[in-house]
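**Student:** The file below is protein.cif, mmCIF, C-alpha atoms:
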```cif
data_input
#
loop_
_atom_site.group_PDB
_atom_site.id
_atom_site.type_symbol
_atom_site.label_atom_id
_atom_site.label_comp_id
_atom_site.auth_asym_id
_atom_site.auth_seq_id
_atom_site.Cartn_x
_atom_site.Cartn_y
_atom_site.Cartn_z
ATOM 1 C CA MET A 1 77.600 155.837 -191.976
ATOM 2 C CA SER A 2 74.413 157.638 -190.967
ATOM 3 C CA GLY A 3 73.682 160.949 -192.630
ATOM 4 C CA PHE A 4 72.021 162.428 -189.557
ATOM 5 C CA ASP A 5 74.966 163.117 -187.249
ATOM 6 C CA ASP A 6 74.924 166.787 -188.202
ATOM 7 C CA LEU A 7 71.613 167.156 -186.328
ATOM 8 C CA PHE A 8 73.506 166.999 -183.036
ATOM 9 C CA SER A 9 76.581 169.049 -183.942
ATOM 10 C CA GLY A 10 76.776 172.111 -181.725
ATOM 11 C CA LYS A 11 73.031 172.187 -181.131
ATOM 12 C CA PHE A 12 72.841 171.445 -177.403
ATOM 13 C CA THR A 13 76.219 172.211 -175.818
ATOM 14 C CA LYS A 14 78.742 175.009 -176.070
ATOM 15 C CA GLU A 15 81.745 172.735 -175.683
ATOM 16 C CA ASP A 16 82.814 169.322 -176.851
ATOM 17 C CA HIS A 17 82.398 166.373 -174.499
ATOM 18 C CA SER A 18 83.946 162.946 -174.809
ATOM 19 C CA PHE A 19 82.579 159.610 -173.641
ATOM 20 C CA ASP A 20 85.163 157.643 -171.678
ATOM 21 C CA LYS A 21 84.331 153.973 -172.233
ATOM 22 C CA GLU A 22 86.956 152.784 -169.770
ATOM 23 C CA ALA A 23 85.666 155.053 -167.002
ATOM 24 C CA TRP A 24 82.105 153.897 -167.720
ATOM 25 C CA ALA A 25 83.139 150.231 -167.567
ATOM 26 C CA ALA A 26 85.084 150.845 -164.355
ATOM 27 C CA LYS A 27 82.051 152.492 -162.767
ATOM 28 C CA LYS A 28 79.826 149.553 -163.722
ATOM 29 C CA GLN A 29 82.380 147.099 -162.341
ATOM 30 C CA GLU A 30 82.516 149.060 -159.103
ATOM 31 C CA GLU A 31 78.718 148.873 -158.811
ATOM 32 C CA ARG A 32 78.753 145.116 -159.376
ATOM 33 C CA GLN A 33 81.506 144.573 -156.839
ATOM 34 C CA ALA A 34 79.581 146.630 -154.280
ATOM 35 C CA LEU A 35 76.549 144.381 -154.721
ATOM 36 C CA TYR A 36 78.611 141.205 -154.460
ATOM 37 C CA ALA A 37 80.133 142.604 -151.269
ATOM 38 C CA LEU A 38 76.646 143.388 -149.931
ATOM 39 C CA ALA A 39 75.450 139.859 -150.746
ATOM 40 C CA ASP A 40 78.511 138.360 -149.064
ATOM 41 C CA GLY A 41 78.030 140.546 -146.005
ATOM 42 C CA THR A 42 74.363 139.527 -145.761
ATOM 43 C CA ALA A 43 75.344 135.868 -146.102
ATOM 44 C CA GLU A 44 77.717 136.368 -143.167
ATOM 45 C CA ILE A 45 74.827 137.766 -141.127
ATOM 46 C CA ILE A 46 72.331 134.972 -141.819
ATOM 47 C CA ARG A 47 74.839 132.244 -140.986
ATOM 48 C CA GLN A 48 75.074 133.655 -137.460
ATOM 49 C CA ASP A 49 71.524 134.946 -136.925
ATOM 50 C CA SER A 50 68.741 132.351 -137.099
ATOM 51 C CA ALA A 51 65.999 135.015 -137.259
ATOM 52 C CA LYS A 52 67.732 136.633 -140.226
ATOM 53 C CA TYR A 53 68.127 133.234 -141.884
ATOM 54 C CA GLN A 54 64.392 132.605 -141.567
ATOM 55 C CA GLN A 55 63.741 136.090 -142.916
ATOM 56 C CA PHE A 56 65.921 135.234 -145.895
ATOM 57 C CA LEU A 57 63.777 132.148 -146.550
ATOM 58 C CA ASP A 58 60.671 134.360 -146.405
ATOM 59 C CA VAL A 59 62.188 136.627 -149.058
ATOM 60 C CA GLN A 60 63.260 133.669 -151.223
ATOM 61 C CA SER A 61 59.763 132.158 -150.986
ATOM 62 C CA ARG A 62 58.226 135.380 -152.347
ATOM 63 C CA PHE A 63 60.865 135.680 -155.070
ATOM 64 C CA ASP A 64 61.408 132.005 -155.814
ATOM 65 C CA ARG A 65 62.589 132.689 -159.362
ATOM 66 C CA TYR A 66 65.349 134.953 -158.118
ATOM 67 C CA SER A 67 68.803 133.621 -157.375
ATOM 68 C CA PRO A 68 69.879 133.345 -153.718
ATOM 69 C CA THR A 69 72.316 136.200 -154.368
ATOM 70 C CA ASN A 70 69.452 138.481 -155.395
ATOM 71 C CA ALA A 71 67.331 137.270 -152.481
ATOM 72 C CA LEU A 72 70.222 138.234 -150.182
ATOM 73 C CA LEU A 73 70.342 141.666 -151.850
ATOM 74 C CA ILE A 74 66.591 142.147 -151.364
ATOM 75 C CA LEU A 75 66.916 141.073 -147.734
ATOM 76 C CA ALA A 76 69.659 143.669 -147.217
ATOM 77 C CA GLN A 77 67.788 146.519 -148.925
ATOM 78 C CA MET A 78 64.045 145.923 -148.461
ATOM 79 C CA PRO A 79 63.158 142.630 -146.732
ATOM 80 C CA GLU A 80 59.448 143.485 -146.721
ATOM 81 C CA ALA A 81 59.298 143.733 -150.551
ATOM 82 C CA THR A 82 56.552 141.663 -152.171
ATOM 83 C CA GLN A 83 56.583 142.508 -155.887
ATOM 84 C CA LEU A 84 59.446 143.998 -157.870
ATOM 85 C CA LYS A 85 59.666 145.510 -161.347
ATOM 86 C CA ASP A 86 61.911 148.046 -163.005
ATOM 87 C CA PHE A 87 60.564 151.451 -164.035
ATOM 88 C CA ASP A 88 59.395 150.260 -167.462
ATOM 89 C CA GLY A 89 57.853 147.120 -165.993
ATOM 90 C CA TRP A 90 55.628 149.115 -163.675
ATOM 91 C CA LYS A 91 54.731 151.460 -166.506
ATOM 92 C CA GLU A 92 53.618 148.507 -168.620
ATOM 93 C CA ALA A 93 51.537 147.291 -165.672
ATOM 94 C CA GLY A 94 49.684 150.598 -165.688
ATOM 95 C CA VAL A 95 51.117 152.151 -162.542
ATOM 96 C CA SER A 96 53.807 154.763 -161.932
ATOM 97 C CA VAL A 97 56.743 154.778 -159.569
ATOM 98 C CA GLN A 98 56.686 157.405 -156.832
ATOM 99 C CA ARG A 99 58.934 160.422 -157.176
ATOM 100 C CA ASN A 100 62.554 159.937 -156.066
ATOM 101 C CA PRO A 101 62.192 156.439 -154.596
ATOM 102 C CA VAL A 102 65.235 154.530 -153.353
ATOM 103 C CA SER A 103 65.717 151.688 -155.827
ATOM 104 C CA ILE A 104 66.572 148.128 -154.905
ATOM 105 C CA LYS A 105 69.651 146.976 -156.770
ATOM 106 C CA ILE A 106 69.898 143.391 -158.003
ATOM 107 C CA LEU A 107 72.089 141.572 -160.530
ATOM 108 C CA GLU A 108 70.677 140.595 -163.909
ATOM 109 C CA PRO A 109 72.379 138.122 -166.276
ATOM 110 C CA GLY A 110 73.762 139.808 -169.373
ATOM 111 C CA LYS A 111 76.032 138.697 -172.190
ATOM 112 C CA GLU A 112 78.016 135.495 -172.140
ATOM 113 C CA TYR A 113 81.793 135.479 -172.534
ATOM 114 C CA THR A 114 84.603 132.957 -172.887
ATOM 115 C CA ARG A 115 87.099 132.604 -170.046
ATOM 116 C CA GLU A 116 90.824 132.031 -170.591
ATOM 117 C CA ASP A 117 90.360 128.300 -169.954
ATOM 118 C CA GLY A 118 87.707 128.102 -172.678
ATOM 119 C CA SER A 119 84.708 127.781 -170.359
ATOM 120 C CA ARG A 120 81.683 130.036 -170.727
ATOM 121 C CA GLY A 121 80.763 132.720 -168.226
ATOM 122 C CA THR A 122 78.031 135.336 -167.880
ATOM 123 C CA PHE A 123 78.342 139.055 -167.279
ATOM 124 C CA PHE A 124 75.949 140.406 -164.661
ATOM 125 C CA GLU A 125 74.600 143.925 -164.829
ATOM 126 C CA VAL A 126 73.177 146.045 -162.044
ATOM 127 C CA LYS A 127 69.407 146.401 -162.363
ATOM 128 C CA ARG A 128 67.334 148.897 -160.381
ATOM 129 C CA VAL A 129 63.888 147.715 -159.365
ATOM 130 C CA PHE A 130 61.095 149.071 -157.182
ATOM 131 C CA ASP A 131 58.622 147.412 -154.859
ATOM 132 C CA ILE A 132 54.886 147.761 -155.364
ATOM 133 C CA SER A 133 54.816 149.825 -152.151
ATOM 134 C CA GLN A 134 56.833 152.461 -154.039
ATOM 135 C CA THR A 135 54.233 152.906 -156.786
ATOM 136 C CA ARG A 136 51.149 155.031 -157.322
ATOM 137 C CA GLY A 137 47.931 154.004 -158.965
ATOM 138 C CA ARG A 138 46.032 150.767 -158.829
ATOM 139 C CA LEU A 139 47.619 147.643 -160.273
ATOM 140 C CA ARG A 140 45.301 145.587 -162.435
ATOM 141 C CA SER A 141 45.143 142.272 -160.647
ATOM 142 C CA VAL A 142 43.854 138.908 -161.736
ATOM 143 C CA PRO A 143 41.872 137.262 -158.933
ATOM 144 C CA GLY A 144 43.703 134.223 -157.659
ATOM 145 C CA VAL A 145 42.133 130.820 -157.256
ATOM 146 C CA LYS A 146 43.367 129.168 -154.065
ATOM 147 C CA PRO A 147 43.556 125.386 -154.432
ATOM 148 C CA ASP A 148 41.711 123.216 -151.967
ATOM 149 C CA ASP A 149 43.705 120.947 -149.662
ATOM 150 C CA ARG A 150 43.254 117.838 -151.797
ATOM 151 C CA THR A 151 44.409 119.593 -154.974
ATOM 152 C CA LEU A 152 47.431 121.081 -153.200
ATOM 153 C CA LEU A 153 48.472 117.675 -151.881
ATOM 154 C CA GLN A 154 47.904 116.052 -155.273
ATOM 155 C CA ALA A 155 50.186 118.690 -156.757
ATOM 156 C CA LEU A 156 52.820 118.104 -154.079
ATOM 157 C CA ILE A 157 53.126 114.386 -154.805
ATOM 158 C CA HIS A 158 52.728 114.702 -158.582
ATOM 159 C CA ARG A 159 55.515 112.771 -160.318
ATOM 160 C CA SER A 160 57.314 112.113 -157.051
ATOM 161 C CA PRO A 161 60.903 110.936 -157.675
ATOM 162 C CA VAL A 162 60.188 107.850 -155.545
ATOM 163 C CA PRO A 163 57.021 105.860 -154.716
ATOM 164 C CA ILE A 164 54.918 107.020 -151.755
ATOM 165 C CA GLN A 165 53.311 104.466 -149.451
ATOM 166 C CA THR A 166 51.023 104.923 -146.432
ATOM 167 C CA VAL A 167 51.700 103.157 -143.115
ATOM 168 C CA GLU A 168 50.062 103.083 -139.699
ATOM 169 C CA SER A 169 52.979 104.602 -137.788
ATOM 170 C CA LEU A 170 56.614 105.721 -138.028
ATOM 171 C CA PRO A 171 59.422 106.109 -135.468
ATOM 172 C CA ASN A 172 59.660 109.225 -133.269
ATOM 173 C CA SER A 173 56.158 110.403 -134.201
ATOM 174 C CA MET A 174 57.318 111.283 -137.706
ATOM 175 C CA GLY A 175 54.594 112.086 -140.194
ATOM 176 C CA ALA A 176 56.608 110.876 -143.180
ATOM 177 C CA LEU A 177 59.989 109.294 -143.837
ATOM 178 C CA TYR A 178 62.171 108.926 -146.917
ATOM 179 C CA ASP A 179 63.892 105.521 -146.873
ATOM 180 C CA HIS A 180 66.952 105.802 -149.088
ATOM 181 C CA ASP A 181 67.681 102.061 -149.063
ATOM 182 C CA GLN A 182 64.197 101.157 -150.324
ATOM 183 C CA GLN A 183 63.778 104.342 -152.393
ATOM 184 C CA VAL A 184 60.323 105.060 -150.990
ATOM 185 C CA ILE A 185 58.577 107.690 -148.874
ATOM 186 C CA PHE A 186 56.382 106.330 -146.091
ATOM 187 C CA VAL A 187 53.473 108.497 -144.923
ATOM 188 C CA CYS A 188 51.399 107.980 -141.782
ATOM 189 C CA ARG A 189 47.676 107.583 -142.299
ATOM 190 C CA GLY A 190 45.136 109.875 -140.698
ATOM 191 C CA MET A 191 47.013 113.199 -140.715
ATOM 192 C CA ASP A 192 45.390 116.498 -141.594
ATOM 193 C CA ALA A 193 46.309 118.373 -144.781
ATOM 194 C CA GLY A 194 48.773 120.764 -143.163
ATOM 195 C CA ASP A 195 50.715 118.008 -141.418
ATOM 196 C CA ILE A 196 50.826 115.980 -144.623
ATOM 197 C CA PHE A 197 52.155 118.912 -146.630
ATOM 198 C CA ARG A 198 54.792 119.813 -144.060
ATOM 199 C CA SER A 199 56.070 116.267 -143.519
ATOM 200 C CA VAL A 200 55.853 115.041 -147.115
ATOM 201 C CA SER A 201 57.471 118.189 -148.555
ATOM 202 C CA LYS A 202 60.458 117.632 -146.261
ATOM 203 C CA GLU A 203 60.832 114.003 -147.291
ATOM 204 C CA LEU A 204 60.453 114.878 -150.963
ATOM 205 C CA ALA A 205 63.312 117.315 -150.410
ATOM 206 C CA HIS A 206 65.385 114.457 -148.954
ATOM 207 C CA ALA A 207 64.582 112.327 -152.002
ATOM 208 C CA GLU A 208 65.609 115.145 -154.346
ATOM 209 C CA LEU A 209 68.797 115.863 -152.425
ATOM 210 C CA ALA A 210 69.719 112.176 -152.371
ATOM 211 C CA GLY A 211 69.237 111.860 -156.120
ATOM 212 C CA THR A 212 71.024 108.812 -157.462
ATOM 213 C CA ARG A 213 73.724 108.716 -154.779
ATOM 214 C CA GLN A 214 74.665 105.308 -153.420
ATOM 215 C CA GLU A 215 75.521 106.775 -150.019
ATOM 216 C CA TYR A 216 73.237 109.378 -148.474
ATOM 217 C CA SER A 217 73.519 111.005 -145.062
ATOM 218 C CA ARG A 218 70.104 112.022 -143.819
ATOM 219 C CA SER A 219 71.610 114.014 -140.956
ATOM 220 C CA ASP A 220 73.882 115.995 -143.304
ATOM 221 C CA ALA A 221 70.914 116.917 -145.505
ATOM 222 C CA ALA A 222 68.445 117.544 -142.662
ATOM 223 C CA PHE A 223 68.894 121.321 -142.536
ATOM 224 C CA ALA A 224 68.525 121.755 -146.296
ATOM 225 C CA ALA A 225 65.437 119.509 -146.447
ATOM 226 C CA TYR A 226 63.849 121.358 -143.505
ATOM 227 C CA SER A 227 64.530 124.699 -145.218
ATOM 228 C CA VAL A 228 63.051 123.443 -148.508
ATOM 229 C CA SER A 229 59.894 122.365 -146.700
ATOM 230 C CA TYR A 230 59.603 125.799 -145.080
ATOM 231 C CA LEU A 231 60.048 127.533 -148.445
ATOM 232 C CA LEU A 232 57.293 125.451 -150.027
ATOM 233 C CA CYS A 233 54.923 126.030 -147.107
ATOM 234 C CA ARG A 234 55.461 129.769 -147.285
ATOM 235 C CA LYS A 235 54.933 129.786 -151.041
ATOM 236 C CA TYR A 236 51.680 127.817 -150.900
ATOM 237 C CA GLY A 237 50.186 129.308 -147.751
ATOM 238 C CA VAL A 238 50.654 126.341 -145.408
ATOM 239 C CA ASP A 239 51.080 127.213 -141.733
ATOM 240 C CA THR A 240 54.738 127.458 -140.657
ATOM 241 C CA ALA A 241 54.267 128.366 -136.971
ATOM 242 C CA ASP A 242 56.018 125.203 -135.755
ATOM 243 C CA TYR A 243 59.188 125.646 -137.847
ATOM 244 C CA ASN A 244 62.168 126.520 -135.682
ATOM 245 C CA PHE A 245 65.526 127.685 -137.038
ATOM 246 C CA SER A 246 67.010 128.680 -133.677
ATOM 247 C CA ARG A 247 69.769 126.061 -133.998
ATOM 248 C CA LEU A 248 71.621 126.565 -137.240
ATOM 249 C CA PRO A 249 73.980 123.642 -137.938
ATOM 250 C CA VAL A 250 77.674 124.088 -137.229
ATOM 251 C CA SER A 251 78.584 123.386 -140.864
ATOM 252 C CA PHE A 252 76.390 126.303 -141.930
ATOM 253 C CA ARG A 253 77.621 128.690 -139.243
ATOM 254 C CA GLU A 254 81.259 127.962 -140.061
ATOM 255 C CA ALA A 255 80.953 128.206 -143.859
ATOM 256 C CA ASP A 256 82.373 131.187 -145.733
ATOM 257 C CA SER A 257 80.134 133.461 -147.791
ATOM 258 C CA GLN A 258 80.684 131.422 -150.970
ATOM 259 C CA GLY A 259 79.812 128.218 -149.124
ATOM 260 C CA ILE A 260 76.686 129.840 -147.704
ATOM 261 C CA ARG A 261 75.547 130.899 -151.166
ATOM 262 C CA GLU A 262 76.142 127.373 -152.473
ATOM 263 C CA ASN A 263 74.007 125.953 -149.654
ATOM 264 C CA LEU A 264 71.287 128.497 -150.356
ATOM 265 C CA GLY A 265 71.443 127.626 -154.055
ATOM 266 C CA GLU A 266 70.915 123.944 -153.323
ATOM 267 C CA ILE A 267 67.926 124.760 -151.109
ATOM 268 C CA ARG A 268 66.402 127.114 -153.663
ATOM 269 C CA ASP A 269 66.937 124.706 -156.587
ATOM 270 C CA THR A 270 65.470 121.748 -154.695
ATOM 271 C CA ALA A 271 62.364 123.733 -153.797
ATOM 272 C CA ALA A 272 62.097 124.835 -157.442
ATOM 273 C CA GLN A 273 62.209 121.218 -158.652
ATOM 274 C CA ILE A 274 59.278 120.261 -156.432
ATOM 275 C CA SER A 275 57.370 123.467 -157.133
ATOM 276 C CA GLY A 276 57.900 123.026 -160.868
ATOM 277 C CA ARG A 277 56.147 119.652 -160.781
ATOM 278 C CA MET A 278 53.319 121.154 -158.759
ATOM 279 C CA TYR A 279 52.735 123.930 -161.251
ATOM 280 C CA ARG A 280 51.030 121.860 -163.951
ATOM 281 C CA VAL A 281 48.540 120.272 -161.544
ATOM 282 C CA LEU A 282 47.665 123.595 -159.945
ATOM 283 C CA GLU A 283 47.304 125.348 -163.302
ATOM 284 C CA GLN A 284 44.961 122.633 -164.559
ATOM 285 C CA ALA A 285 42.893 122.987 -161.392
ATOM 286 C CA ARG A 286 42.765 126.785 -161.727
ATOM 287 C CA THR A 287 41.689 126.550 -165.360
ATOM 288 C CA ALA A 288 38.949 124.038 -164.575
ATOM 289 C CA LYS A 289 37.668 126.103 -161.655
ATOM 290 C CA SER A 290 37.666 129.326 -163.689
ATOM 291 C CA LYS A 291 35.696 127.688 -166.491
ATOM 292 C CA GLY A 292 33.240 126.331 -163.971
ATOM 293 C CA GLN A 293 32.681 129.801 -162.498
ATOM 294 C CA GLU A 294 32.054 131.284 -165.962
ATOM 295 C CA ARG A 295 29.130 128.964 -166.639
#
```
Could I get this structure in the form of structure tokens?

**Tutor:**
Amino acid sequence: MSGFDDLFSGKFTKEDHSFDKEAWAAKKQEERQALYALADGTAEIIRQDSAKYQQFLDVQSRFDRYSPTNALLILAQMPEATQLKDFDGWKEAGVSVQRNPVSIKILEPGKEYTREDGSRGTFFEVKRVFDISQTRGRLRSVPGVKPDDRTLLQALIHRSPVPIQTVESLPNSMGALYDHDQQVIFVCRGMDAGDIFRSVSKELAHAELAGTRQEYSRSDAAFAAYSVSYLLCRKYGVDTADYNFSRLPVSFREADSQGIRENLGEIRDTAAQISGRMYRVLEQARTAKSKGQER
């Protein structure tokens, strides 16, 4: 036992107070449930509102490491957010949070636990974060190095899950096509960089979604692949003006909130798989360019 408890005895209060662990735990549980309810409610909105769904994708593209549940929470609380940190995170970055800002609440993984059936689960805790727009002072920034079109496309096709082959033309004016039977992506020759990125990213998404399945329905996966392509374009600065989400599929509009979150998780994870492969190529290019500028 510590020998310093006497330092606090009767020094600061005139009456004894007790800490109610059960009340504290109940309060935390109530906060978590409120956030889950908010995420579910936002999922209900985006399954019916195509503009809100596209806005969700914009949020997820900026916070691609966040879970879809947290992206839904950001969409509900501050959809224009661009960079989030907690109070200590901003302090470490050398800036201060404005006085009395309204925090954005997200869910952060905490301790693991064992369920009654023996499986492992994770406790989630409420975390309060703030957007850069809610801070004062100047954030020390590292100048970014934007990749050229060739480097970006090289990164996109790096370690593709299936071979990629160029052809003169494809049906219905398609720029690229994943052929599940042949396990290959065909790409039309002569396209500009933006069209290549948009079309190939969508077909790479199809290839990822198909995985090792014997049977694969392109039509069933079309919405997810299209959404993945949009996410990647937004993340890497490729024009998305021609993307149109005005017709959300019936299966998406009729799903419950849990089903919506599962669909969003598949979209987010597929984009992350492709983006993860791109990272090494882009980092190597950034390093080489930075060294070249230092000479």

**Student:** Between CA of Ala225 in chain A and CA of His206 in chain A, measure the distance and give it in Å to one decimal.

**Tutor:** 5.6 Å

**Student:** I need the output of the PyMOL selection byres ((chain A and resi 190) around 10) for this file as a PDB file with C-alpha atoms, keeping the file's coordinate frame; which residues are they?

**Tutor:**
```pdb
ATOM      1  CA  THR A 166      51.023 104.923-146.432  1.00  0.00           C
ATOM      2  CA  VAL A 167      51.700 103.157-143.115  1.00  0.00           C
ATOM      3  CA  GLU A 168      50.062 103.083-139.699  1.00  0.00           C
ATOM      4  CA  SER A 169      52.979 104.602-137.788  1.00  0.00           C
ATOM      5  CA  GLY A 175      54.594 112.086-140.194  1.00  0.00           C
ATOM      6  CA  VAL A 187      53.473 108.497-144.923  1.00  0.00           C
ATOM      7  CA  CYS A 188      51.399 107.980-141.782  1.00  0.00           C
ATOM      8  CA  ARG A 189      47.676 107.583-142.299  1.00  0.00           C
ATOM      9  CA  MET A 191      47.013 113.199-140.715  1.00  0.00           C
ATOM     10  CA  ASP A 192      45.390 116.498-141.594  1.00  0.00           C
ATOM     11  CA  ALA A 193      46.309 118.373-144.781  1.00  0.00           C
ATOM     12  CA  ASP A 195      50.715 118.008-141.418  1.00  0.00           C
ATOM     13  CA  ILE A 196      50.826 115.980-144.623  1.00  0.00           C
TER      14      ILE A 196
END
```

**Student:** A:Thr151, A:Lys27, A:Ile164, A:Gly265: which is nearest Tyr279 in chain A, counting only C-alpha atoms?

**Tutor:**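 Looking only at the distances to Tyr279 in chain A, the closest residue turns out to be A:Thr151.
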
**Student:** Between A:Ser199, A:Ser275, A:Arg150, A:Ser251, which is the closest to Met174 in chain A once you count all atoms listed in the file?

**Tutor:**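 Result for the nearest residue to Met174 in chain A: A:Ser199.
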
**Student:** Enumerate, as a ChimeraX atom specification, the residues matched when the PyMOL selection byres ((chain A and resi 179) around 12) is run on the file above.

**Tutor:** /A:162-165,170,176-178,180-187,203-204,206-207,210,216-218

**Student:** Expressed in Å to a single decimal, how great is the separation between CA of Leu231 in chain A and CA of Gly194 in chain A?

**Tutor:** 14.2 Å

**Student:** Assuming the chain letters and numbering stay as they are in my file, what does the PyMOL selection byres ((chain A and resi 89-100) around 12) actually select? List them as a tab-separated table (two decimals) with C-alpha atoms, keeping the file's coordinate frame.

**Tutor:**
```tsv
chain	number	residue	atom	x	y	z
A	83	GLN	CA	56.58	142.51	-155.89
A	84	LEU	CA	59.45	144.00	-157.87
A	85	LYS	CA	59.67	145.51	-161.35
A	86	ASP	CA	61.91	148.05	-163.00
A	87	PHE	CA	60.56	151.45	-164.04
A	88	ASP	CA	59.40	150.26	-167.46
A	101	PRO	CA	62.19	156.44	-154.60
A	102	VAL	CA	65.24	154.53	-153.35
A	103	SER	CA	65.72	151.69	-155.83
A	128	ARG	CA	67.33	148.90	-160.38
A	129	VAL	CA	63.89	147.72	-159.36
A	130	PHE	CA	61.10	149.07	-157.18
A	131	ASP	CA	58.62	147.41	-154.86
A	132	ILE	CA	54.89	147.76	-155.36
A	133	SER	CA	54.82	149.82	-152.15
A	134	GLN	CA	56.83	152.46	-154.04
A	135	THR	CA	54.23	152.91	-156.79
A	136	ARG	CA	51.15	155.03	-157.32
A	137	GLY	CA	47.93	154.00	-158.96
A	138	ARG	CA	46.03	150.77	-158.83
A	139	LEU	CA	47.62	147.64	-160.27
A	140	ARG	CA	45.30	145.59	-162.44
A	141	SER	CA	45.14	142.27	-160.65
```

**Student:** Which distance in Å separates CA of Glu108 in chain A and CA of Phe124 in chain A, to one decimal?

**Tutor:**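 We find that CA of Glu108 in chain A and CA of Phe124 in chain A lie 5.3 Å from each other.
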
**Student:** Of the candidates A:Phe56, A:Pro147, A:Lys105, A:Thr270, which shows the shortest atom-to-atom distance to Gly211 in chain A, using all atoms listed in the file?

**Tutor:**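 Smallest separation from Gly211 in chain A among the options: A:Thr270.
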
**Student:** Looking at all atoms listed in the file, which of A:Ser219, A:Thr240, A:Thr82, A:Gln77 is the one that sits closest to Val59 in chain A?

**Tutor:**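 Smallest distance to Val59 in chain A is found for A:Thr82.
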
**Student:** For Lys146 in chain A, which residue among A:Thr287, A:Ser201, A:Gln29, A:Thr69 is the nearest when counting all atoms listed in the file?

**Tutor:**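 Of the candidates, the smallest distance to Lys146 in chain A is held by A:Thr287.
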
**Student:** For a quick check of understanding, using all atoms listed in the file, which of A:Arg268, A:Gln214, A:Ser257, A:Asp148 has the smallest distance to Ser229 in chain A?

**Tutor:**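 For Ser229 in chain A, the nearest of the given residues is A:Arg268.
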
**Student:** May I have the protein, DNA and RNA residues with any atom at most 7 Å from the point (73.2, 129.2, -140.3), counting all atoms listed in the file, written as an NGL selection string?

**Tutor:** :A and (46-50 or 53 or 248-249 or 252-253)
